[in-house]
Structures are given as C-alpha cells and as structure tokens.
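Novice: What follows is input.cif; its format and atoms are mmCIF, C-alpha atoms.
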```
data_model
#
loop_
_atom_site.group_PDB
_atom_site.id
_atom_site.type_symbol
_atom_site.label_atom_id
_atom_site.label_comp_id
_atom_site.auth_asym_id
_atom_site.auth_seq_id
_atom_site.Cartn_x
_atom_site.Cartn_y
_atom_site.Cartn_z
ATOM 1 C CA MET A 1 -80.707 -13.404 -75.566
ATOM 2 C CA GLU A 2 -77.580 -15.038 -76.931
ATOM 3 C CA ARG A 3 -77.418 -12.563 -79.772
ATOM 4 C CA PHE A 4 -77.773 -9.708 -77.274
ATOM 5 C CA LEU A 5 -74.916 -11.073 -75.158
ATOM 6 C CA GLU A 6 -72.804 -11.490 -78.260
ATOM 7 C CA ALA A 7 -73.491 -7.853 -79.199
ATOM 8 C CA VAL A 8 -72.544 -6.747 -75.691
ATOM 9 C CA TRP A 9 -69.216 -8.545 -75.768
ATOM 10 C CA ASP A 10 -68.501 -7.521 -79.349
ATOM 11 C CA THR A 11 -66.279 -4.433 -79.064
ATOM 12 C CA SER A 12 -64.785 -4.664 -82.544
ATOM 13 C CA SER A 13 -67.782 -3.217 -84.402
ATOM 14 C CA VAL A 14 -69.560 0.082 -83.963
ATOM 15 C CA GLY A 15 -72.900 -1.621 -83.295
ATOM 16 C CA GLY A 16 -71.390 -3.784 -80.577
ATOM 17 C CA ARG A 17 -69.809 -0.785 -78.920
ATOM 18 C CA LEU A 18 -73.112 1.090 -78.992
ATOM 19 C CA VAL A 19 -74.897 -1.800 -77.286
ATOM 20 C CA THR A 20 -72.099 -2.127 -74.721
ATOM 21 C CA SER A 21 -72.185 1.608 -74.050
ATOM 22 C CA LEU A 22 -75.944 1.461 -73.473
ATOM 23 C CA VAL A 23 -75.532 -1.437 -71.059
ATOM 24 C CA LEU A 24 -72.773 0.412 -69.178
ATOM 25 C CA ILE A 25 -74.972 3.517 -68.801
ATOM 26 C CA VAL A 26 -77.940 1.528 -67.470
ATOM 27 C CA LEU A 27 -75.650 -0.423 -65.141
ATOM 28 C CA ALA A 28 -74.099 2.825 -63.839
ATOM 29 C CA LEU A 29 -77.546 4.272 -63.089
ATOM 30 C CA VAL A 30 -78.563 1.176 -61.141
ATOM 31 C CA ILE A 31 -75.283 1.082 -59.232
ATOM 32 C CA ALA A 32 -75.525 4.806 -58.390
ATOM 33 C CA VAL A 33 -79.013 4.414 -56.919
ATOM 34 C CA LEU A 34 -78.214 1.238 -54.960
ATOM 35 C CA ALA A 35 -74.821 2.420 -53.735
ATOM 36 C CA GLY A 36 -76.268 5.767 -52.673
ATOM 37 C CA ARG A 37 -78.949 4.089 -50.581
ATOM 38 C CA LEU A 38 -76.548 1.593 -49.020
ATOM 39 C CA ALA A 39 -73.973 4.260 -48.172
ATOM 40 C CA THR A 40 -76.498 6.547 -46.473
ATOM 41 C CA ARG A 41 -78.605 3.903 -44.759
ATOM 42 C CA ARG A 42 -76.923 4.314 -41.361
ATOM 43 C CA VAL A 43 -76.279 8.050 -41.581
ATOM 44 C CA GLU A 44 -78.720 10.056 -39.436
ATOM 45 C CA ASP A 45 -77.651 13.608 -40.275
ATOM 46 C CA THR A 46 -79.499 14.962 -43.322
ATOM 47 C CA THR A 47 -76.614 17.131 -44.516
ATOM 48 C CA ASN A 48 -74.044 14.310 -44.289
ATOM 49 C CA ARG A 49 -76.433 11.965 -46.053
ATOM 50 C CA TYR A 50 -76.875 14.451 -48.891
ATOM 51 C CA TYR A 51 -73.140 14.957 -49.440
ATOM 52 C CA LEU A 52 -72.384 11.237 -49.180
ATOM 53 C CA ARG A 53 -74.997 10.428 -51.786
ATOM 54 C CA LYS A 54 -73.585 13.119 -54.072
ATOM 55 C CA ALA A 55 -70.068 11.718 -53.678
ATOM 56 C CA VAL A 56 -71.270 8.224 -54.645
ATOM 57 C CA HIS A 57 -72.980 9.602 -57.747
ATOM 58 C CA TYR A 58 -69.885 11.535 -58.813
ATOM 59 C CA LEU A 59 -67.655 8.483 -58.401
ATOM 60 C CA THR A 60 -70.067 6.434 -60.482
ATOM 61 C CA VAL A 61 -70.014 9.021 -63.279
ATOM 62 C CA VAL A 62 -66.200 9.090 -63.269
ATOM 63 C CA ALA A 63 -66.057 5.281 -63.454
ATOM 64 C CA LEU A 64 -68.571 5.283 -66.316
ATOM 65 C CA LEU A 65 -66.580 7.839 -68.309
ATOM 66 C CA PHE A 66 -63.396 5.851 -67.765
ATOM 67 C CA ALA A 67 -65.075 2.642 -68.958
ATOM 68 C CA LEU A 68 -66.478 4.361 -72.070
ATOM 69 C CA ALA A 69 -63.047 5.795 -72.834
ATOM 70 C CA LEU A 70 -61.516 2.305 -72.672
ATOM 71 C CA LEU A 71 -64.315 0.955 -74.852
ATOM 72 C CA TRP A 72 -64.123 3.503 -77.656
ATOM 73 C CA ARG A 73 -60.415 4.365 -77.433
ATOM 74 C CA PRO A 74 -60.830 7.704 -79.275
ATOM 75 C CA PHE A 75 -57.156 8.627 -78.877
ATOM 76 C CA ALA A 76 -55.535 5.253 -79.315
ATOM 77 C CA GLY A 77 -51.882 5.687 -80.240
ATOM 78 C CA ARG A 78 -51.960 9.429 -79.459
ATOM 79 C CA VAL A 79 -50.906 9.527 -75.834
ATOM 80 C CA GLY A 80 -48.963 12.770 -76.297
ATOM 81 C CA VAL A 81 -52.005 14.520 -77.756
ATOM 82 C CA VAL A 82 -54.191 13.278 -74.926
ATOM 83 C CA PHE A 83 -51.838 14.519 -72.205
ATOM 84 C CA GLY A 84 -51.385 17.837 -73.988
ATOM 85 C CA LEU A 85 -55.133 18.419 -74.227
ATOM 86 C CA LEU A 86 -55.606 17.367 -70.607
ATOM 87 C CA ALA A 87 -52.905 19.750 -69.416
ATOM 88 C CA ALA A 88 -54.352 22.650 -71.412
ATOM 89 C CA GLY A 89 -57.866 21.918 -70.191
ATOM 90 C CA LEU A 90 -56.777 21.656 -66.580
ATOM 91 C CA ALA A 91 -54.811 24.898 -66.770
ATOM 92 C CA LEU A 92 -57.815 26.704 -68.245
ATOM 93 C CA ALA A 93 -60.331 25.189 -65.853
ATOM 94 C CA MET A 94 -58.188 25.638 -62.765
ATOM 95 C CA GLN A 95 -56.894 29.152 -63.344
ATOM 96 C CA GLU A 96 -59.013 30.395 -60.436
ATOM 97 C CA VAL A 97 -57.651 27.625 -58.219
ATOM 98 C CA ILE A 98 -54.064 28.333 -59.258
ATOM 99 C CA GLY A 99 -54.555 32.057 -58.610
ATOM 100 C CA ALA A 100 -56.083 31.356 -55.194
ATOM 101 C CA PHE A 101 -53.195 29.072 -54.242
ATOM 102 C CA ALA A 102 -50.681 31.704 -55.364
ATOM 103 C CA GLY A 103 -52.568 34.263 -53.268
ATOM 104 C CA TRP A 104 -52.332 31.938 -50.248
ATOM 105 C CA ILE A 105 -48.550 31.783 -50.654
ATOM 106 C CA SER A 106 -48.456 35.587 -50.949
ATOM 107 C CA ILE A 107 -50.520 35.967 -47.760
ATOM 108 C CA LEU A 108 -48.226 33.672 -45.781
ATOM 109 C CA THR A 109 -44.926 35.014 -47.088
ATOM 110 C CA GLY A 110 -45.921 38.690 -47.346
ATOM 111 C CA ARG A 111 -47.674 38.804 -43.952
ATOM 112 C CA GLN A 112 -50.569 40.727 -45.419
ATOM 113 C CA TYR A 113 -52.865 39.417 -42.703
ATOM 114 C CA ARG A 114 -53.232 36.502 -40.345
ATOM 115 C CA VAL A 115 -55.977 34.814 -38.351
ATOM 116 C CA GLY A 116 -57.501 37.284 -35.897
ATOM 117 C CA ASP A 117 -56.635 40.452 -37.842
ATOM 118 C CA ARG A 118 -59.373 42.947 -38.659
ATOM 119 C CA ILE A 119 -59.232 43.614 -42.385
ATOM 120 C CA GLN A 120 -61.228 45.023 -45.269
ATOM 121 C CA MET A 121 -60.942 43.363 -48.659
ATOM 122 C CA CYS A 122 -63.184 43.590 -51.708
ATOM 123 C CA GLY A 123 -65.724 45.623 -49.724
ATOM 124 C CA VAL A 124 -65.932 43.068 -46.877
ATOM 125 C CA ARG A 125 -64.951 44.156 -43.361
ATOM 126 C CA GLY A 126 -64.362 41.903 -40.388
ATOM 127 C CA ASP A 127 -62.037 39.593 -38.485
ATOM 128 C CA VAL A 128 -60.159 36.780 -40.225
ATOM 129 C CA LEU A 129 -61.409 33.408 -39.010
ATOM 130 C CA ASP A 130 -59.457 31.027 -41.219
ATOM 131 C CA ILE A 131 -56.990 31.051 -44.118
ATOM 132 C CA THR A 132 -57.087 27.961 -46.337
ATOM 133 C CA PRO A 133 -55.031 27.359 -49.496
ATOM 134 C CA LEU A 134 -57.968 28.606 -51.583
ATOM 135 C CA ARG A 135 -60.135 30.907 -49.460
ATOM 136 C CA THR A 136 -60.112 33.349 -46.562
ATOM 137 C CA ARG A 137 -63.075 33.260 -44.180
ATOM 138 C CA ILE A 138 -64.053 36.536 -42.513
ATOM 139 C CA LEU A 139 -66.516 37.172 -39.690
ATOM 140 C CA GLU A 140 -68.257 40.216 -41.145
ATOM 141 C CA SER A 141 -68.544 43.558 -39.338
ATOM 142 C CA GLY A 142 -70.974 46.358 -40.045
ATOM 143 C CA SER A 143 -70.195 49.806 -41.402
ATOM 144 C CA SER A 144 -71.777 53.221 -41.001
ATOM 145 C CA SER A 145 -70.806 54.175 -44.568
ATOM 146 C CA ASP A 146 -72.190 51.101 -46.336
ATOM 147 C CA PRO A 147 -75.903 51.527 -47.153
ATOM 148 C CA GLU A 148 -76.361 47.756 -47.461
ATOM 149 C CA SER A 149 -75.170 47.092 -43.899
ATOM 150 C CA TRP A 150 -77.917 46.950 -41.266
ATOM 151 C CA ILE A 151 -75.295 47.190 -38.475
ATOM 152 C CA ARG A 152 -74.302 50.870 -38.264
ATOM 153 C CA GLY A 153 -70.922 50.335 -36.613
ATOM 154 C CA ARG A 154 -67.829 48.158 -36.435
ATOM 155 C CA GLN A 155 -69.612 45.229 -34.784
ATOM 156 C CA TYR A 156 -70.287 41.689 -35.995
ATOM 157 C CA THR A 157 -73.236 41.044 -38.282
ATOM 158 C CA GLY A 158 -73.144 37.278 -37.674
ATOM 159 C CA ARG A 159 -72.331 36.372 -41.276
ATOM 160 C CA VAL A 160 -69.193 34.516 -42.369
ATOM 161 C CA VAL A 161 -67.896 35.616 -45.783
ATOM 162 C CA SER A 162 -65.549 33.468 -47.898
ATOM 163 C CA LEU A 163 -63.252 35.271 -50.322
ATOM 164 C CA SER A 164 -60.861 33.802 -52.866
ATOM 165 C CA ASN A 165 -57.203 34.318 -51.968
ATOM 166 C CA ARG A 166 -56.465 35.536 -55.495
ATOM 167 C CA LEU A 167 -58.151 38.842 -54.610
ATOM 168 C CA VAL A 168 -54.993 39.958 -52.800
ATOM 169 C CA PHE A 169 -53.446 40.516 -56.257
ATOM 170 C CA THR A 170 -56.298 42.629 -57.660
ATOM 171 C CA THR A 171 -57.869 44.520 -54.734
ATOM 172 C CA PRO A 172 -56.440 46.546 -51.826
ATOM 173 C CA VAL A 173 -56.253 44.847 -48.435
ATOM 174 C CA TYR A 174 -56.804 47.150 -45.438
ATOM 175 C CA ASN A 175 -55.408 45.713 -42.203
ATOM 176 C CA SER A 176 -56.360 47.605 -39.032
ATOM 177 C CA SER A 177 -54.594 45.429 -36.464
ATOM 178 C CA THR A 178 -51.406 43.999 -37.918
ATOM 179 C CA VAL A 179 -49.123 46.786 -36.568
ATOM 180 C CA LEU A 180 -50.907 49.442 -34.495
ATOM 181 C CA ASP A 181 -54.159 47.802 -33.385
ATOM 182 C CA HIS A 182 -55.483 51.374 -32.943
ATOM 183 C CA LEU A 183 -57.476 53.790 -35.081
ATOM 184 C CA TRP A 184 -57.797 57.561 -35.241
ATOM 185 C CA GLU A 185 -61.445 58.403 -34.652
ATOM 186 C CA GLU A 186 -63.227 61.754 -35.028
ATOM 187 C CA LEU A 187 -66.300 63.237 -33.412
ATOM 188 C CA ALA A 188 -67.640 66.249 -35.344
ATOM 189 C CA LEU A 189 -70.287 68.504 -33.794
ATOM 190 C CA PRO A 190 -71.679 71.777 -35.296
ATOM 191 C CA VAL A 191 -72.139 74.695 -32.887
ATOM 192 C CA PRO A 192 -74.092 77.898 -33.707
ATOM 193 C CA TYR A 193 -72.091 81.099 -34.106
ATOM 194 C CA GLU A 194 -74.011 82.794 -31.288
ATOM 195 C CA ALA A 195 -73.031 80.018 -28.839
ATOM 196 C CA ASP A 196 -69.831 79.956 -26.786
ATOM 197 C CA TRP A 197 -67.867 77.750 -29.149
ATOM 198 C CA HIS A 198 -64.656 78.275 -27.153
ATOM 199 C CA LEU A 199 -66.278 76.537 -24.195
ATOM 200 C CA ALA A 200 -67.570 73.826 -26.510
ATOM 201 C CA GLU A 201 -64.031 73.347 -27.809
ATOM 202 C CA ARG A 202 -62.672 72.930 -24.270
ATOM 203 C CA ILE A 203 -65.377 70.393 -23.430
ATOM 204 C CA LEU A 204 -64.610 68.362 -26.541
ATOM 205 C CA CYS A 205 -60.875 68.484 -25.879
ATOM 206 C CA GLU A 206 -61.241 67.384 -22.244
ATOM 207 C CA GLU A 207 -63.499 64.458 -23.079
ATOM 208 C CA ALA A 208 -61.237 63.391 -25.948
ATOM 209 C CA GLN A 209 -58.252 63.420 -23.605
ATOM 210 C CA ASN A 210 -60.143 61.318 -21.053
ATOM 211 C CA ILE A 211 -61.135 58.669 -23.592
ATOM 212 C CA SER A 212 -58.111 58.559 -25.913
ATOM 213 C CA SER A 213 -55.681 55.597 -25.775
ATOM 214 C CA THR A 214 -52.720 57.896 -26.325
ATOM 215 C CA VAL A 215 -50.132 55.998 -24.282
ATOM 216 C CA GLU A 216 -50.870 52.620 -25.879
ATOM 217 C CA ALA A 217 -50.919 54.105 -29.385
ATOM 218 C CA ARG A 218 -47.600 55.922 -28.837
ATOM 219 C CA ARG A 219 -46.005 52.684 -27.646
ATOM 220 C CA ALA A 220 -47.335 50.807 -30.703
ATOM 221 C CA ILE A 221 -46.048 53.512 -33.044
ATOM 222 C CA GLU A 222 -42.581 53.332 -31.488
ATOM 223 C CA GLN A 223 -42.550 49.577 -32.102
ATOM 224 C CA MET A 224 -43.693 50.139 -35.677
ATOM 225 C CA ARG A 225 -40.923 52.679 -36.299
ATOM 226 C CA HIS A 226 -38.344 50.047 -35.365
ATOM 227 C CA ARG A 227 -39.627 47.930 -38.274
ATOM 228 C CA TYR A 228 -40.618 50.536 -40.864
ATOM 229 C CA PRO A 229 -39.089 53.911 -41.815
ATOM 230 C CA VAL A 230 -42.187 55.997 -41.111
ATOM 231 C CA ALA A 231 -42.519 59.490 -39.703
ATOM 232 C CA GLU A 232 -43.663 60.048 -36.159
ATOM 233 C CA ALA A 233 -47.436 60.289 -35.976
ATOM 234 C CA GLU A 234 -49.408 62.646 -33.767
ATOM 235 C CA VAL A 235 -51.436 60.708 -31.216
ATOM 236 C CA ASP A 236 -52.366 63.452 -28.739
ATOM 237 C CA PRO A 237 -56.074 64.373 -28.771
ATOM 238 C CA ARG A 238 -56.864 67.578 -30.584
ATOM 239 C CA VAL A 239 -59.891 69.625 -31.609
ATOM 240 C CA PHE A 240 -60.017 71.193 -35.068
ATOM 241 C CA VAL A 241 -62.217 74.220 -35.803
ATOM 242 C CA ARG A 242 -63.784 74.929 -39.186
ATOM 243 C CA ALA A 243 -66.023 77.843 -40.062
ATOM 244 C CA THR A 244 -68.906 77.123 -42.402
ATOM 245 C CA SER A 245 -71.732 79.251 -43.776
ATOM 246 C CA ASN A 246 -74.127 77.845 -41.167
ATOM 247 C CA TRP A 247 -72.154 77.063 -37.998
ATOM 248 C CA VAL A 248 -68.777 76.413 -36.383
ATOM 249 C CA GLU A 249 -67.775 72.800 -36.861
ATOM 250 C CA LEU A 250 -65.677 71.288 -34.056
ATOM 251 C CA SER A 251 -63.927 67.975 -34.805
ATOM 252 C CA ALA A 252 -62.291 66.105 -31.944
ATOM 253 C CA ARG A 253 -59.591 63.660 -33.088
ATOM 254 C CA PHE A 254 -58.445 60.892 -30.735
ATOM 255 C CA VAL A 255 -57.051 57.355 -30.756
ATOM 256 C CA VAL A 256 -59.123 54.285 -29.866
ATOM 257 C CA PRO A 257 -58.546 50.514 -29.928
ATOM 258 C CA VAL A 258 -59.691 48.867 -33.149
ATOM 259 C CA ARG A 259 -62.272 46.557 -31.589
ATOM 260 C CA ALA A 260 -63.691 49.152 -29.186
ATOM 261 C CA ALA A 261 -64.146 52.083 -31.567
ATOM 262 C CA ARG A 262 -67.937 52.161 -31.473
ATOM 263 C CA GLN A 263 -68.169 51.782 -27.689
ATOM 264 C CA VAL A 264 -65.599 54.525 -27.107
ATOM 265 C CA LYS A 265 -67.281 56.917 -29.516
ATOM 266 C CA ASP A 266 -70.633 56.234 -27.875
ATOM 267 C CA GLN A 267 -69.216 57.073 -24.436
ATOM 268 C CA VAL A 268 -67.531 60.298 -25.487
ATOM 269 C CA THR A 269 -70.613 61.435 -27.442
ATOM 270 C CA ARG A 270 -72.877 60.936 -24.416
ATOM 271 C CA ARG A 271 -70.522 62.866 -22.128
ATOM 272 C CA VAL A 272 -70.096 65.752 -24.561
ATOM 273 C CA LEU A 273 -73.830 66.106 -25.141
ATOM 274 C CA ASP A 274 -74.522 66.061 -21.398
ATOM 275 C CA ARG A 275 -71.921 68.761 -20.749
ATOM 276 C CA PHE A 276 -73.229 70.825 -23.669
ATOM 277 C CA ALA A 277 -76.703 70.692 -22.147
ATOM 278 C CA GLU A 278 -75.371 71.722 -18.722
ATOM 279 C CA SER A 279 -73.519 74.674 -20.276
ATOM 280 C CA GLY A 280 -76.478 75.801 -22.383
ATOM 281 C CA ILE A 281 -74.758 74.990 -25.678
ATOM 282 C CA ARG A 282 -76.991 73.497 -28.325
ATOM 283 C CA VAL A 283 -75.908 71.489 -31.360
ATOM 284 C CA ALA A 284 -76.653 73.281 -34.617
ATOM 285 C CA SER A 285 -78.740 71.696 -37.356
ATOM 286 C CA ILE A 286 -80.119 72.552 -40.768
ATOM 287 C CA THR A 287 -83.627 73.045 -39.373
ATOM 288 C CA GLN A 288 -85.031 76.585 -39.216
ATOM 289 C CA ASP A 289 -87.323 78.314 -36.724
ATOM 290 C CA ILE A 290 -89.908 80.425 -38.562
ATOM 291 C CA THR A 291 -92.026 83.029 -36.757
ATOM 292 C CA ILE A 292 -95.152 84.198 -38.613
ATOM 293 C CA HIS A 293 -96.460 87.653 -37.742
ATOM 294 C CA PRO A 294 -100.075 88.345 -38.765
ATOM 295 C CA PRO A 295 -100.581 91.326 -41.094
ATOM 296 C CA GLN A 296 -101.505 94.710 -39.560
ATOM 297 C CA ALA A 297 -104.858 94.780 -41.322
ATOM 298 C CA SER A 298 -105.914 91.558 -39.703
ATOM 299 C CA GLN A 299 -104.992 92.926 -36.291
ATOM 300 C CA THR A 300 -107.095 96.049 -36.960
ATOM 301 C CA LEU A 301 -110.063 93.984 -38.026
ATOM 302 C CA THR A 302 -109.720 91.849 -34.957
ATOM 303 C CA VAL A 303 -109.674 94.893 -32.689
ATOM 304 C CA GLN A 304 -112.733 96.367 -34.402
ATOM 305 C CA ALA A 305 -114.559 93.107 -34.043
ATOM 306 C CA ASP A 306 -113.724 93.043 -30.357
ATOM 307 C CA ASN A 307 -114.920 96.604 -29.931
ATOM 308 C CA ARG A 308 -118.187 95.638 -31.390
#
```
Any chance you could put this one into structure tokens?

Specialist:
Amino acid sequence: MERFLEAVWDTSSVGGRLVTSLVLIVLALVIAVLAGRLATRRVEDTTNRYYLRKAVHYLTVVALLFALALLWRPFAGRVGVVFGLLAAGLALAMQEVIGAFAGWISILTGRQYRVGDRIQMCGVRGDVLDITPLRTRILESGSSSDPESWIRGRQYTGRVVSLSNRLVFTTPVYNSSTVLDHLWEELALPVPYEADWHLAERILCEEAQNISSTVEARRAIEQMRHRYPVAEAEVDPRVFVRATSNWVELSARFVVPVRAARQVKDQVTRRVLDRFAESGIRVASITQDITIHPPQASQTLTVQADNR
C-alpha cells in the first residue's frame, strides 16, 4: 500500500504519472456518479433531471482533462504555441457559431425580419417566434406547392423549426409582412368555349371586388413608396382571360391580407361556384364524355330476333 501511495504521489517519472492518471480517472468516474445522483435527488421533472446529470458529467470530464494536463505538462514552456493552437482550434470548431452570430447582427441591423413577421427561408415558411444570437425559431405554416406538407394552405402545422442565423447570407429570405402585410392572390377557373365566358368573367370580377382588400393595400403601398423608390403597383381586382386548346381560362387577381389568404380564397371560390351553378356555367375539366353507338348490324340482328 505504501509503495502504491508513493507511486501515486510520484509525478517525476513516467510510471508514477501513469499510476496517478489511472487514479484520477477512477476518482472522476466515482465523483461523476455520486455527484449526478446527489444533484438530481430532489428534482422531480425527468427532463430537468436528465440535463442536470449531463451537466455534472461534463463538468467532471473538464476537471479531469485539466488535472491530466497539469500532471503531464505536454506544452511546458510553450505557452505561445498552446494559445496559438487553441485559437486555431476554436476558430475552426466555432465557424458555424461565428457565422450565426454575424447573421444575427445582420438581421438586427438590416431589418430583414423581426418577431411576428411571416417569412420563408431555406424552404421553411411561417411566423417568426424568436430571434436568438444563434438561431431563429419559426412556427411553421403549410404550403399547397410543397408535396411534403400535409397542410395544403398557409396555416400552422404545429411544428416549431429552428434555423441557423448564418443562412441569411447564403439563402434568400422572403418576408411577406415587413412592408405591405398583403399578398396578391389568384383564382383560376377554366370555362368551356361553348359556355358564356363573358358572364363568367363578370361573376369573377364582381366577387373579386367584393373580397379584395384594395383600400388597405393601396394605403400600405403609399407608405412603402415614402421609404423605397418603387413604382406604383396595381391593386384593383382584375380578371385575365387566356385561350387554351381545351377551354377559356379566367384568372381573377385580387389583394388579401397575409394571414387570411386561405380563408379569403375559400370564400370567393364558394361564391363563384354557387353563382356559376345558378347561371348554368360549368367548370371545364380534362375528363371526356364518350357516347358509344352500337353497330348497325347488331341493331338489325336485334330487330330480327324481336320479330321472331
């Protein structure tokens, strides 16, 4: 036992350092287990207990590495080399963190978006919940054009997505509410050539005028033009006509609030379809009606059979 204690306290030889290192490792394991149990003994929440135990283990590992570094002194007399290697390692390991922090500064100073704005970045759509120095948290919204979205509209999916702030340097950021808070929406309906498409056009135009937020959008555009040198935008509802090889396509263009786009489009679609039905106008489709006429010979045979 005395020889073992002498080997533990002997830090001048390689053998003594090996024994001391082994003792330090065993001692760190025991301390980590005991400290983890003591720290979480009065914590009821399972999640908090898990993270607290992890924190104790990490602190124990850091203390062990520091003690081993003092024991072996691998860079004794080379302080400049040590600091240089540490700085290079930190810069390499924390390049993502540095980029995210720089992105946070760009977001705040460039006013790219703020909490509450509806944005799209890196394929994620939704409202900004929080902007931290490293990440932006977004309450995700669905999309009718994204095949992976089970919500077929601009409504919340219930998921919160965290994105690194450094993405503002590498991907486009679409902000739908920072200036206008309105969107141009379109409702396209195909009408057969034999139908009264002029009447269908009037119906679409009337319903678009009833539902469009023209006055609010015009006021927002005037405010935007005081800040930015942009041309005057057309906000009055309008119906565009396009002739195709199968039907006449009517596209009603109107302005809606950003957060009510799906509800507004649902209302105007219901009204237009009801008025189309009342006017006897049907919506064209790619389906075909096929009428099969029996051959003349079969009809003759059938008549002869009946005569018999």

Novice: For the provided coordinates, the residues matched by the PyMOL selection byres ((chain A and resi 135-145) around 7) should be stated as a PyMOL selection string.

Specialist: chain A and resi 124-134+146-147+149+151-165

Novice: Hey, which of A:Pro229, A:Gly84, A:Gly110, A:Gly89 ends up closest to A:Phe169? Count only C-alpha atoms.

Specialist: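 Nearest to A:Phe169: A:Gly110.
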
Novice: Applied to this file, what does the PyMOL selection byres ((chain A and resi 203-220) around 8) return in terms of residues, put as a ChimeraX atom specification?

Specialist: /A:179-182,199-202,221-224,235-239,252-257,264,268,271-272,275-276

Novice: Starting from the displayed file, determine the output of the PyMOL selection byres ((chain A and resi 39) around 12) and express the residue list as a list in words.

Specialist: Ile31, Ala32, Val33, Leu34, Ala35, Gly36, Arg37, Leu38, Thr40, Arg41, Arg42, Val43, Glu44, Asn48, Arg49, Tyr50, Tyr51, Leu52, Arg53, Lys54, Ala55, Val56 and His57 of chain A

Novice: To one decimal place, how far is atom CA of A:Leu189 from atom CA of A:Ile281 in Å?

Specialist: 11.3 Å

Novice: What gap, in Å, lies between atom CA of A:Leu22 and atom CA of A:Leu68?

Specialist: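 Result for atom CA of A:Leu22 versus atom CA of A:Leu68: 10.0 Å, one decimal.
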